[in-house]
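Visitor: Below you'll find the structure I mean.
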Amino acid sequence: MSRQKPKGSIAFYCIILLLVLVMIYSGLQILESTVFNQNKTPEDPYLSKTIVRDGVEYYPRQDITVVMVLGIDKFGPVTESGSYNNSGVADVISLLIFDSTNQNARILQLNRDTMADIPVLGIGGKEAGTKFGQIALAHTYGSGLEDSCENTRKAVSDLLGGIRIDYYLSMNMDAISIMTDTVGGVKVNVTDDFSLVDPSIQMGQMTLNGEQAINFVRTRKDVADQMNVSRMQRHREYVNGLAAALRENIDADAEFAVTAYDSIVDYVVTDCSANVITGMMRRYVNYKLAEIVSPEGENTKGEQYMEFYVDKDNLDDIVLRLFYAPK
């Protein structure tokens with residue numbers, strides 16, 4: 001495997017590295033294929049959808065590949081719930097958008113508290129209407145495996161006006177602590193007071209162990225303003241530190257990636273085949289990160305939980321810019 005380092009943001013490198021780990025674990029050779037066009041047939045109604053804005057007609061871009069990355073607030077290996085409901089909430093919802101024309105990537109980071117119409121699954125796992133609630137709850141419909149990821153994919157797509165999401169990858173909470181300890185700790189800059197949650201997490205620069213990493217990325221009660229927006233900033237800080245640690249370990253030991261992925265394989269669900277992942281690495285390993293963007297909106301406290309109401313105009317602008325091109 002080539003050890004050439006991608007240019008651009010270390011946060012992007014970390015997410016790509018997760019795909020690298022899957023690729024290495026598969027032990028397969030890179031193959032030429034057309035996997036990136038398998039969901040982009042001429043009959044796809046999304047591809048014929050156009051948007052008119054200020055007299056300009058826009059069409060869906062066909063030169064991008066979109067990967068949904070989910071962080072599930074659940075401990076233990078991924079298991080089937082045995083029904084069409086489960087307790088795994090998607091605390092992290094991000095879209096990686098690979099642009100083959102400009103050879104760059106963007107990350108759309110969604111607030112898990114975003115209020116939206118989410119699909120509800122009923123008897124037999126069939127869609128039984130929608131429910132207005134936090135988009136993070138979309139993953140709780142389904143067995144907790146592929147069907148929950150598919151339900152979340154539909155909820156996110158609907159929120160973004162029906163955009164196509166090509167692939168998904170979800171990871172349970174334990175993967176964070178396991179990976180943190182596997183790399184020997186993750187360095188972060190702590191800017192929030194964790195004294196009421198975990199006094200061992202000190203303000204300033206420090207190296208988190210696995211248990212501290214869980215508290216750092218998961219907790220928002222009694223930390224800062226307790227809003228998910230603040231926690232999303234800590235997610236970015238942690239990802240930056242994890243990427244640096246992973247890169248350092250792999251530079252020192254080419255076999256480390258196999259060990260790292262092997263430690264978390266039981267906590268991952270994805271529809272990316274080994275062939276797809278190796279193709280991604282071949283195409284995207286040198287792409288630069290253009291930006292990380294999050295929709296604007298308003299936080300409010302609902303009757304049961306925090307609610308984030310996205311600014312529709314801002315969201316529409318983001319969708320148009322990331323997923324469409326003028327005719």
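Here, A, B, ... name the chains of the structure tokens in the order displayed, residue numbers run from 1 inside each chain, and ligands are numbered from 1 in the same displayed order.
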I need the alpha helix (DSSP H) residues of region 81-315 of chain A per DSSP on the backbone, written as JSON, numbers by chain.
Guide: {"A": [146, 147, 148, 149, 150, 151, 152, 153, 154, 155, 156, 157, 158, 159, 174, 175, 176, 177, 178, 179, 180, 181, 182, 210, 211, 212, 213, 214, 215, 216, 217, 218, 228, 229, 230, 231, 232, 233, 234, 235, 236, 237, 238, 239, 240, 241, 242, 243, 244, 245, 246, 247, 248, 249, 250, 251, 252, 256, 257, 258, 259, 260, 261, 262, 263, 264, 274, 275, 276, 277, 278, 279, 280, 281, 282, 283, 284, 312, 313, 314, 315]}
Visitor: For the structure I just gave you, how does DSSP split region 109-167 of chain A - specifically, which residues are strand (DSSP E or B)? Reply as a list in words.
Guide: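 Across region 109-167 of chain A, those assigned strand (DSSP E or B) are Gln109, Leu110, Thr114, Met115, Ala116, Asp117, Ile118, Pro119, Val120, Leu121, Glu127, Ala128, Gly129, Thr130, Lys131, Phe132, Gly133, Gln134, Tyr141 and Tyr167 of chain A.
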Visitor: Which residue out of A:Asp54, A:Asp251, A:Asp91, A:Asp99 has the minimum interatomic distance to Lys288 (chain A) when only C-alpha atoms are used?
Guide: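 Checking each of A:Asp54, A:Asp251, A:Asp91, A:Asp99 against Lys288 (chain A), counting only C-alpha atoms, the winner is A:Asp99.
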Visitor: With only C-alpha atoms as the basis for distance, which of A:Phe323, A:Tyr84, A:Tyr284, A:Tyr58 is at the shortest distance from Ala105 (chain A)?
Guide: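 Closest to Ala105 (chain A), using only C-alpha atoms: A:Tyr284.
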Visitor: Select, from A:Ile123, A:Val56, A:Val92, A:Met115, the residue with the minimum atom-to-atom distance to Tyr141 (chain A), counting only C-alpha atoms.
Guide: A:Ile123
Visitor: Could you name the residues that touch Val310 (chain A) at 12 Å or less, counting only C-alpha atoms, but leaving out those on the same chain fewer than 4 positions away, as a list in words?
Guide: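 Close residues of Val310 (chain A): Leu110, Asn111, Arg112, Asp113, Thr114, Met115, Ala116, Gln134, Ile135, Leu159, Leu160, Ser294, Pro295, Glu296, Gly297, Glu298, Asn299, Thr300, Asn314, Leu315, Asp316 and Ile318 of chain A.
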Visitor: Write out as an MDAnalysis selection string the residues lying within 12 Å of Leu322 (chain A), counting only C-alpha atoms and excluding same-chain residues fewer than 4 positions away.
Guide: chainID A and resid 58:66 95:99 104:108 160 163:164 290:294 315:318 326
Visitor: May I have the selected residues written with N, CA, C and O atoms, as a CSV table (one decimal), in the first residue's frame?
Guide:
```
chain,number,residue,atom,x,y,z
A,58,TYR,N,-30.2,24.8,-12.4
A,58,TYR,CA,-29.1,23.9,-11.9
A,58,TYR,C,-29.5,22.5,-12.0
A,58,TYR,O,-30.7,22.1,-11.8
A,59,TYR,N,-28.6,21.6,-12.2
A,59,TYR,CA,-28.8,20.2,-12.3
A,59,TYR,C,-27.9,19.4,-11.3
A,59,TYR,O,-26.8,19.9,-10.9
A,60,PRO,N,-28.3,18.2,-10.9
A,60,PRO,CA,-27.5,17.5,-9.9
A,60,PRO,C,-26.1,17.1,-10.5
A,60,PRO,O,-26.0,16.6,-11.6
A,61,ARG,N,-25.1,17.3,-9.7
A,61,ARG,CA,-23.8,17.0,-10.2
A,61,ARG,C,-23.6,15.5,-10.3
A,61,ARG,O,-23.9,14.7,-9.4
A,62,GLN,N,-23.0,15.0,-11.4
A,62,GLN,CA,-22.7,13.6,-11.6
A,62,GLN,C,-21.2,13.3,-11.4
A,62,GLN,O,-20.8,12.1,-11.5
A,63,ASP,N,-20.5,14.3,-11.0
A,63,ASP,CA,-19.0,14.1,-10.8
A,63,ASP,C,-18.6,14.1,-9.3
A,63,ASP,O,-17.5,14.3,-9.0
A,64,ILE,N,-19.6,13.8,-8.5
A,64,ILE,CA,-19.3,13.7,-7.0
A,64,ILE,C,-19.7,12.3,-6.5
A,64,ILE,O,-20.7,11.7,-7.0
A,65,THR,N,-19.0,11.9,-5.5
A,65,THR,CA,-19.4,10.7,-4.7
A,65,THR,C,-19.6,11.1,-3.3
A,65,THR,O,-18.8,11.7,-2.7
A,66,VAL,N,-20.8,10.7,-2.7
A,66,VAL,CA,-21.2,11.1,-1.4
A,66,VAL,C,-21.2,9.9,-0.4
A,66,VAL,O,-21.9,8.9,-0.7
A,95,LEU,N,-21.4,14.1,5.9
A,95,LEU,CA,-21.3,13.6,4.5
A,95,LEU,C,-20.0,14.0,3.9
A,95,LEU,O,-19.6,15.2,4.0
A,96,LEU,N,-19.3,13.1,3.4
A,96,LEU,CA,-18.0,13.3,2.7
A,96,LEU,C,-18.4,13.4,1.2
A,96,LEU,O,-19.0,12.5,0.6
A,97,ILE,N,-18.0,14.5,0.6
A,97,ILE,CA,-18.4,14.8,-0.8
A,97,ILE,C,-17.1,14.9,-1.6
A,97,ILE,O,-16.4,15.8,-1.5
A,98,PHE,N,-16.8,13.8,-2.4
A,98,PHE,CA,-15.6,13.8,-3.3
A,98,PHE,C,-15.9,14.3,-4.6
A,98,PHE,O,-16.8,13.8,-5.3
A,99,ASP,N,-15.2,15.3,-5.0
A,99,ASP,CA,-15.4,16.1,-6.3
A,99,ASP,C,-14.3,15.7,-7.3
A,99,ASP,O,-13.2,16.1,-7.2
A,104,ASN,N,-11.1,17.6,-5.1
A,104,ASN,CA,-11.1,18.0,-3.7
A,104,ASN,C,-12.2,17.3,-3.0
A,104,ASN,O,-13.0,16.5,-3.6
A,105,ALA,N,-12.4,17.6,-1.7
A,105,ALA,CA,-13.5,17.0,-1.0
A,105,ALA,C,-14.0,18.0,0.0
A,105,ALA,O,-13.3,18.9,0.4
A,106,ARG,N,-15.3,17.9,0.3
A,106,ARG,CA,-15.9,18.7,1.3
A,106,ARG,C,-16.6,17.8,2.3
A,106,ARG,O,-17.0,16.7,2.0
A,107,ILE,N,-16.8,18.4,3.5
A,107,ILE,CA,-17.5,17.7,4.6
A,107,ILE,C,-18.7,18.5,5.0
A,107,ILE,O,-18.5,19.7,5.4
A,108,LEU,N,-19.9,17.9,4.9
A,108,LEU,CA,-21.1,18.6,5.4
A,108,LEU,C,-21.4,17.9,6.8
A,108,LEU,O,-21.7,16.8,6.8
A,160,LEU,N,-32.1,17.2,2.8
A,160,LEU,CA,-31.3,17.9,1.8
A,160,LEU,C,-31.9,18.0,0.5
A,160,LEU,O,-31.3,18.2,-0.5
A,163,ILE,N,-31.1,14.6,-2.2
A,163,ILE,CA,-29.8,14.4,-2.8
A,163,ILE,C,-29.5,12.9,-2.7
A,163,ILE,O,-30.0,12.2,-1.8
A,164,ARG,N,-28.6,12.4,-3.6
A,164,ARG,CA,-28.2,11.0,-3.6
A,164,ARG,C,-27.0,10.8,-2.7
A,164,ARG,O,-26.1,11.6,-2.7
A,290,ALA,N,-11.5,20.9,0.8
A,290,ALA,CA,-11.9,22.3,0.4
A,290,ALA,C,-12.5,23.0,1.6
A,290,ALA,O,-12.2,24.2,1.8
A,291,GLU,N,-13.4,22.3,2.3
A,291,GLU,CA,-14.1,23.0,3.5
A,291,GLU,C,-14.8,22.0,4.3
A,291,GLU,O,-15.1,20.9,3.8
A,292,ILE,N,-15.1,22.4,5.5
A,292,ILE,CA,-16.1,21.7,6.4
A,292,ILE,C,-17.2,22.7,6.7
A,292,ILE,O,-16.9,23.8,7.2
A,293,VAL,N,-18.4,22.3,6.4
A,293,VAL,CA,-19.5,23.3,6.5
A,293,VAL,C,-20.6,22.7,7.3
A,293,VAL,O,-20.9,21.5,7.3
A,294,SER,N,-21.3,23.5,8.1
A,294,SER,CA,-22.5,23.1,8.9
A,294,SER,C,-23.6,24.1,8.7
A,294,SER,O,-23.3,25.3,8.7
A,315,LEU,N,-29.6,26.4,4.4
A,315,LEU,CA,-29.5,25.0,4.0
A,315,LEU,C,-29.6,24.9,2.5
A,315,LEU,O,-28.9,24.2,1.8
A,316,ASP,N,-30.6,25.6,1.9
A,316,ASP,CA,-30.8,25.5,0.5
A,316,ASP,C,-29.6,26.0,-0.3
A,316,ASP,O,-29.2,25.4,-1.3
A,317,ASP,N,-28.9,27.1,0.2
A,317,ASP,CA,-27.7,27.6,-0.4
A,317,ASP,C,-26.6,26.5,-0.4
A,317,ASP,O,-25.9,26.4,-1.4
A,318,ILE,N,-26.5,25.9,0.8
A,318,ILE,CA,-25.4,24.8,0.9
A,318,ILE,C,-25.7,23.7,0.0
A,318,ILE,O,-24.8,23.2,-0.7
A,326,PRO,N,-24.7,24.7,-12.3
A,326,PRO,CA,-25.5,25.4,-13.3
A,326,PRO,C,-25.4,24.8,-14.7
A,326,PRO,O,-24.4,24.2,-15.1
```
Visitor: Of the candidates A:Val223, A:Val269, A:Met68, A:Val276, which shows the shortest atom-to-atom distance to Leu145 (chain A), using only C-alpha atoms?
Guide: A:Val269
